[in-house]
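Novice: Supplied structure: coords.cif, mmCIF, N, CA and C atoms.
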data_coords
#
loop_
_atom_site.group_PDB
_atom_site.id
_atom_site.type_symbol
_atom_site.label_atom_id
_atom_site.label_comp_id
_atom_site.auth_asym_id
_atom_site.auth_seq_id
_atom_site.Cartn_x
_atom_site.Cartn_y
_atom_site.Cartn_z
ATOM 1 N N MET A 16 -37.373 -7.357 -9.775
ATOM 2 C CA MET A 16 -37.813 -8.102 -10.946
ATOM 3 C C MET A 16 -37.252 -7.417 -12.190
ATOM 4 N N SER A 17 -36.660 -8.188 -13.076
ATOM 5 C CA SER A 17 -36.119 -7.591 -14.288
ATOM 6 C C SER A 17 -37.060 -7.856 -15.459
ATOM 7 N N HIS A 18 -37.039 -6.936 -16.388
ATOM 8 C CA HIS A 18 -37.869 -7.049 -17.586
ATOM 9 C C HIS A 18 -36.951 -7.041 -18.801
ATOM 10 N N PRO A 19 -37.352 -7.713 -19.863
ATOM 11 C CA PRO A 19 -36.539 -7.689 -21.082
ATOM 12 C C PRO A 19 -36.598 -6.318 -21.748
ATOM 13 N N THR A 20 -35.685 -6.103 -22.665
ATOM 14 C CA THR A 20 -35.689 -4.869 -23.448
ATOM 15 C C THR A 20 -35.887 -5.213 -24.915
ATOM 16 N N LYS A 21 -36.272 -4.203 -25.667
ATOM 17 C CA LYS A 21 -36.468 -4.349 -27.105
ATOM 18 C C LYS A 21 -36.034 -3.042 -27.751
ATOM 19 N N ARG A 22 -35.329 -3.119 -28.864
ATOM 20 C CA ARG A 22 -34.936 -1.910 -29.592
ATOM 21 C C ARG A 22 -36.183 -1.171 -30.067
ATOM 22 N N ALA A 23 -36.136 0.142 -30.016
ATOM 23 C CA ALA A 23 -37.290 0.953 -30.431
ATOM 24 C C ALA A 23 -37.726 0.621 -31.852
ATOM 25 N N ALA A 24 -36.774 0.347 -32.729
ATOM 26 C CA ALA A 24 -37.112 0.047 -34.127
ATOM 27 C C ALA A 24 -37.919 -1.236 -34.270
ATOM 28 N N LEU A 25 -37.945 -2.080 -33.241
ATOM 29 C CA LEU A 25 -38.628 -3.371 -33.324
ATOM 30 C C LEU A 25 -39.953 -3.425 -32.582
ATOM 31 N N ILE A 26 -40.362 -2.323 -31.952
ATOM 32 C CA ILE A 26 -41.630 -2.361 -31.231
ATOM 33 C C ILE A 26 -42.798 -2.354 -32.208
ATOM 34 N N SER A 27 -43.939 -2.839 -31.736
ATOM 35 C CA SER A 27 -45.118 -2.910 -32.594
ATOM 36 C C SER A 27 -46.365 -2.681 -31.750
ATOM 37 N N PRO A 28 -47.504 -2.403 -32.396
ATOM 38 C CA PRO A 28 -48.743 -2.199 -31.649
ATOM 39 C C PRO A 28 -49.015 -3.374 -30.713
ATOM 40 N N GLY A 29 -49.455 -3.033 -29.509
ATOM 41 C CA GLY A 29 -49.745 -4.038 -28.505
ATOM 42 C C GLY A 29 -48.619 -4.253 -27.512
ATOM 43 N N ASP A 30 -47.381 -3.849 -27.860
ATOM 44 C CA ASP A 30 -46.276 -3.962 -26.908
ATOM 45 C C ASP A 30 -46.544 -3.044 -25.719
ATOM 46 N N VAL A 31 -46.138 -3.473 -24.540
ATOM 47 C CA VAL A 31 -46.288 -2.665 -23.329
ATOM 48 C C VAL A 31 -44.892 -2.207 -22.924
ATOM 49 N N ILE A 32 -44.715 -0.885 -22.898
ATOM 50 C CA ILE A 32 -43.404 -0.266 -22.700
ATOM 51 C C ILE A 32 -43.389 0.531 -21.400
ATOM 52 N N GLY A 33 -42.296 0.438 -20.670
ATOM 53 C CA GLY A 33 -42.102 1.277 -19.494
ATOM 54 C C GLY A 33 -41.647 2.653 -19.940
ATOM 55 N N TYR A 34 -42.424 3.678 -19.605
ATOM 56 C CA TYR A 34 -42.108 5.048 -20.046
ATOM 57 C C TYR A 34 -42.557 6.030 -18.975
ATOM 58 N N GLU A 35 -41.638 6.877 -18.537
ATOM 59 C CA GLU A 35 -41.903 7.893 -17.520
ATOM 60 C C GLU A 35 -42.552 7.299 -16.270
ATOM 61 N N GLY A 36 -42.047 6.141 -15.823
ATOM 62 C CA GLY A 36 -42.529 5.525 -14.590
ATOM 63 C C GLY A 36 -43.853 4.794 -14.695
ATOM 64 N N GLU A 37 -44.386 4.636 -15.903
ATOM 65 C CA GLU A 37 -45.662 3.946 -16.102
ATOM 66 C C GLU A 37 -45.517 2.916 -17.212
ATOM 67 N N TRP A 38 -46.388 1.932 -17.208
ATOM 68 C CA TRP A 38 -46.472 0.980 -18.308
ATOM 69 C C TRP A 38 -47.499 1.504 -19.299
ATOM 70 N N ARG A 39 -47.103 1.628 -20.549
ATOM 71 C CA ARG A 39 -47.998 2.159 -21.592
ATOM 72 C C ARG A 39 -48.049 1.196 -22.766
ATOM 73 N N THR A 40 -49.214 1.110 -23.377
ATOM 74 C CA THR A 40 -49.433 0.195 -24.495
ATOM 75 C C THR A 40 -49.264 0.943 -25.813
ATOM 76 N N VAL A 41 -48.480 0.361 -26.717
ATOM 77 C CA VAL A 41 -48.225 0.973 -28.023
ATOM 78 C C VAL A 41 -49.478 0.846 -28.885
ATOM 79 N N LYS A 42 -49.976 1.978 -29.353
ATOM 80 C CA LYS A 42 -51.121 1.996 -30.267
ATOM 81 C C LYS A 42 -50.609 1.938 -31.711
ATOM 82 N N THR A 43 -49.691 2.834 -32.056
ATOM 83 C CA THR A 43 -49.057 2.832 -33.375
ATOM 84 C C THR A 43 -47.582 3.162 -33.208
ATOM 85 N N ALA A 44 -46.798 2.720 -34.165
ATOM 86 C CA ALA A 44 -45.371 3.049 -34.204
ATOM 87 C C ALA A 44 -45.017 3.309 -35.662
ATOM 88 N N ARG A 45 -44.321 4.419 -35.906
ATOM 89 C CA ARG A 45 -43.921 4.732 -37.278
ATOM 90 C C ARG A 45 -42.492 5.259 -37.267
ATOM 91 N N VAL A 46 -41.833 5.114 -38.386
ATOM 92 C CA VAL A 46 -40.452 5.567 -38.537
ATOM 93 C C VAL A 46 -40.446 7.010 -39.009
ATOM 94 N N ASP A 47 -39.503 7.783 -38.504
ATOM 95 C CA ASP A 47 -39.356 9.186 -38.869
ATOM 96 C C ASP A 47 -37.876 9.538 -38.768
ATOM 97 N N ARG A 48 -37.534 10.742 -39.131
ATOM 98 C CA ARG A 48 -36.164 11.232 -38.935
ATOM 99 C C ARG A 48 -36.092 11.947 -37.604
ATOM 100 N N GLY A 49 -34.993 11.703 -36.893
ATOM 101 C CA GLY A 49 -34.761 12.387 -35.634
ATOM 102 C C GLY A 49 -34.267 13.799 -35.888
ATOM 103 N N PRO A 50 -34.093 14.598 -34.836
ATOM 104 C CA PRO A 50 -33.677 15.985 -34.981
ATOM 105 C C PRO A 50 -32.289 16.144 -35.615
ATOM 106 N N MET A 51 -31.440 15.136 -35.497
ATOM 107 C CA MET A 51 -30.098 15.193 -36.088
ATOM 108 C C MET A 51 -30.025 14.399 -37.390
ATOM 109 N N GLY A 52 -31.179 13.982 -37.913
ATOM 110 C CA GLY A 52 -31.234 13.271 -39.180
ATOM 111 C C GLY A 52 -31.169 11.759 -39.068
ATOM 112 N N GLY A 53 -31.027 11.233 -37.854
ATOM 113 C CA GLY A 53 -30.980 9.782 -37.665
ATOM 114 C C GLY A 53 -32.377 9.175 -37.674
ATOM 115 N N LEU A 54 -32.423 7.870 -37.657
ATOM 116 C CA LEU A 54 -33.679 7.146 -37.664
ATOM 117 C C LEU A 54 -34.330 7.213 -36.285
ATOM 118 N N ALA A 55 -35.624 7.520 -36.257
ATOM 119 C CA ALA A 55 -36.372 7.606 -35.006
ATOM 120 C C ALA A 55 -37.684 6.839 -35.147
ATOM 121 N N VAL A 56 -38.253 6.476 -34.012
ATOM 122 C CA VAL A 56 -39.548 5.802 -33.981
ATOM 123 C C VAL A 56 -40.507 6.681 -33.187
ATOM 124 N N VAL A 57 -41.641 7.001 -33.795
ATOM 125 C CA VAL A 57 -42.670 7.799 -33.128
ATOM 126 C C VAL A 57 -43.778 6.848 -32.694
ATOM 127 N N VAL A 58 -44.049 6.849 -31.398
ATOM 128 C CA VAL A 58 -45.021 5.931 -30.808
ATOM 129 C C VAL A 58 -46.204 6.733 -30.292
ATOM 130 N N THR A 59 -47.416 6.277 -30.590
ATOM 131 C CA THR A 59 -48.603 6.819 -29.927
ATOM 132 C C THR A 59 -49.089 5.742 -28.966
ATOM 133 N N TRP A 60 -49.606 6.191 -27.828
ATOM 134 C CA TRP A 60 -50.008 5.296 -26.752
ATOM 135 C C TRP A 60 -51.516 5.095 -26.735
ATOM 136 N N GLU A 61 -51.965 3.910 -26.346
ATOM 137 C CA GLU A 61 -53.391 3.647 -26.112
ATOM 138 C C GLU A 61 -53.918 4.588 -25.026
ATOM 139 N N GLU A 62 -53.044 4.939 -24.084
ATOM 140 C CA GLU A 62 -53.421 5.781 -22.947
ATOM 141 C C GLU A 62 -53.373 7.271 -23.299
ATOM 142 N N ASN A 63 -53.225 7.608 -24.563
ATOM 143 C CA ASN A 63 -53.124 8.978 -25.090
ATOM 144 C C ASN A 63 -51.702 9.504 -24.996
ATOM 145 N N GLY A 64 -51.359 10.375 -25.899
ATOM 146 C CA GLY A 64 -50.030 10.953 -25.956
ATOM 147 C C GLY A 64 -49.146 10.219 -26.947
ATOM 148 N N ALA A 65 -47.922 10.723 -27.071
ATOM 149 C CA ALA A 65 -46.956 10.161 -28.009
ATOM 150 C C ALA A 65 -45.551 10.399 -27.483
ATOM 151 N N ALA A 66 -44.604 9.662 -28.053
ATOM 152 C CA ALA A 66 -43.200 9.828 -27.701
ATOM 153 C C ALA A 66 -42.361 9.497 -28.927
ATOM 154 N N ARG A 67 -41.144 10.032 -28.951
ATOM 155 C CA ARG A 67 -40.200 9.772 -30.039
ATOM 156 C C ARG A 67 -38.940 9.179 -29.425
ATOM 157 N N PHE A 68 -38.439 8.102 -30.025
ATOM 158 C CA PHE A 68 -37.250 7.425 -29.538
ATOM 159 C C PHE A 68 -36.256 7.246 -30.683
ATOM 160 N N PRO A 69 -34.966 7.409 -30.425
ATOM 161 C CA PRO A 69 -33.981 6.986 -31.431
ATOM 162 C C PRO A 69 -34.182 5.489 -31.693
ATOM 163 N N ALA A 70 -34.069 5.067 -32.942
ATOM 164 C CA ALA A 70 -34.367 3.687 -33.316
ATOM 165 C C ALA A 70 -33.532 2.664 -32.555
ATOM 166 N N ALA A 71 -32.316 3.005 -32.151
ATOM 167 C CA ALA A 71 -31.438 2.060 -31.464
ATOM 168 C C ALA A 71 -31.669 2.022 -29.950
ATOM 169 N N ASP A 72 -32.505 2.912 -29.402
ATOM 170 C CA ASP A 72 -32.770 2.903 -27.959
ATOM 171 C C ASP A 72 -33.358 1.561 -27.536
ATOM 172 N N GLU A 73 -32.949 1.096 -26.358
ATOM 173 C CA GLU A 73 -33.534 -0.117 -25.791
ATOM 174 C C GLU A 73 -34.636 0.293 -24.828
ATOM 175 N N LEU A 74 -35.824 -0.246 -25.043
ATOM 176 C CA LEU A 74 -36.988 0.081 -24.227
ATOM 177 C C LEU A 74 -37.352 -1.108 -23.355
ATOM 178 N N LEU A 75 -37.787 -0.828 -22.145
ATOM 179 C CA LEU A 75 -38.213 -1.855 -21.207
ATOM 180 C C LEU A 75 -39.593 -2.347 -21.620
ATOM 181 N N VAL A 76 -39.763 -3.659 -21.787
ATOM 182 C CA VAL A 76 -41.050 -4.221 -22.220
ATOM 183 C C VAL A 76 -41.543 -5.256 -21.208
ATOM 184 N N ARG A 77 -42.817 -5.533 -21.249
ATOM 185 C CA ARG A 77 -43.409 -6.596 -20.429
ATOM 186 C C ARG A 77 -44.557 -7.213 -21.197
ATOM 187 N N GLU A 78 -45.057 -8.321 -20.684
ATOM 188 C CA GLU A 78 -46.207 -8.987 -21.288
ATOM 189 C C GLU A 78 -47.435 -8.098 -21.128
ATOM 190 N N PRO A 79 -48.322 -8.028 -22.138
ATOM 191 C CA PRO A 79 -49.493 -7.159 -22.057
ATOM 192 C C PRO A 79 -50.395 -7.416 -20.860
ATOM 193 N N ASP A 80 -50.483 -8.641 -20.369
ATOM 194 C CA ASP A 80 -51.402 -8.930 -19.265
ATOM 195 C C ASP A 80 -50.699 -8.992 -17.911
ATOM 196 N N ALA A 81 -49.411 -8.661 -17.828
ATOM 197 C CA ALA A 81 -48.685 -8.711 -16.559
ATOM 198 C C ALA A 81 -49.064 -7.531 -15.675
ATOM 199 N N ASP A 82 -49.021 -7.722 -14.353
ATOM 200 C CA ASP A 82 -49.327 -6.645 -13.418
ATOM 201 C C ASP A 82 -48.076 -6.137 -12.762
#
Would you write out, as structure tokens, the structure that this file holds?
Specialist:
Amino acid sequence: MSHPTKRAALISPGDVIGYEGEWRTVKTARVDRGPMGGLAVVVTWEENGAARFPAADELLVREPDAD
């Protein structure tokens, strides 16, 4: 089964993202500078924790109620 992708810069609260082998729900997303000065997106998860992605990264997404 294939899932669509979305650029990190376009994710928003409520999106469900595939990350580290699990589906996680975006709680907040904010823009920041990456370690090399580029644009990055910092995401906090409903399931606790956070991650940082380069803004141009494509993330695997699914519908919030999909199993």
Novice: So that I can check the surroundings of stretch 31-34 of chain A, please list as a count of residues only every protein, DNA and RNA residue that reaches within 12 Å of it, counting only C-alpha atoms and ignoring chain neighbours fewer than 6 positions away.
Specialist: 31
Novice: In terms of the shortest atom-to-atom distance over only N, CA and C atoms, which of A:Arg39, A:Ile26, A:Gly49, A:Leu54 is closest to A:Ala70?
Specialist: A:Leu54
Novice: Output as lines of an AutoDock Vina configuration file the centre and edge lengths (Å, one decimal) of the box along x, y and z of the file that holds every listed atom of stretch 19-33 of chain A after adding 5 Å on each side.
Specialist:
center_x = -42.3
center_y = -2.5
center_z = -26.9
size_x = 24.8
size_y = 20.4
size_z = 24.8
Novice: Could you please determine the separation between atom CA of A:Trp38 and atom CA of A:Asn63 in Å, to one decimal place?
Specialist: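 Between these atoms lies a distance of 12.4 Å.
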Novice: What is the distance, in Å and to one decimal place, between atom C of A:Ser27 and atom CA of A:Gly53?
Specialist: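 Taking atom C of A:Ser27 as the start and atom CA of A:Gly53 as the end point, the length is 20.7 Å.
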Novice: Just the strand (DSSP E) stuff from chain A, please, per backbone DSSP, written as JSON, numbers by chain.
Specialist: {"A": [20, 21, 22, 31, 32, 33, 34, 37, 38, 39, 40, 41, 42, 43, 44, 45, 46, 47, 48, 54, 55, 56, 57, 58, 59, 60, 65, 66, 67, 68, 69, 73, 74, 75, 76, 77]}
Novice: List the spatial neighbours of A:Ala24 as a list in words - criterion: any atom at most 6.5 Å away, only N, CA and C atoms, same-chain residues fewer than 4 positions off excluded.
Specialist: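 Here the answer would be Val56, Pro69, Ala70, Ala71 and Asp72 of chain A.
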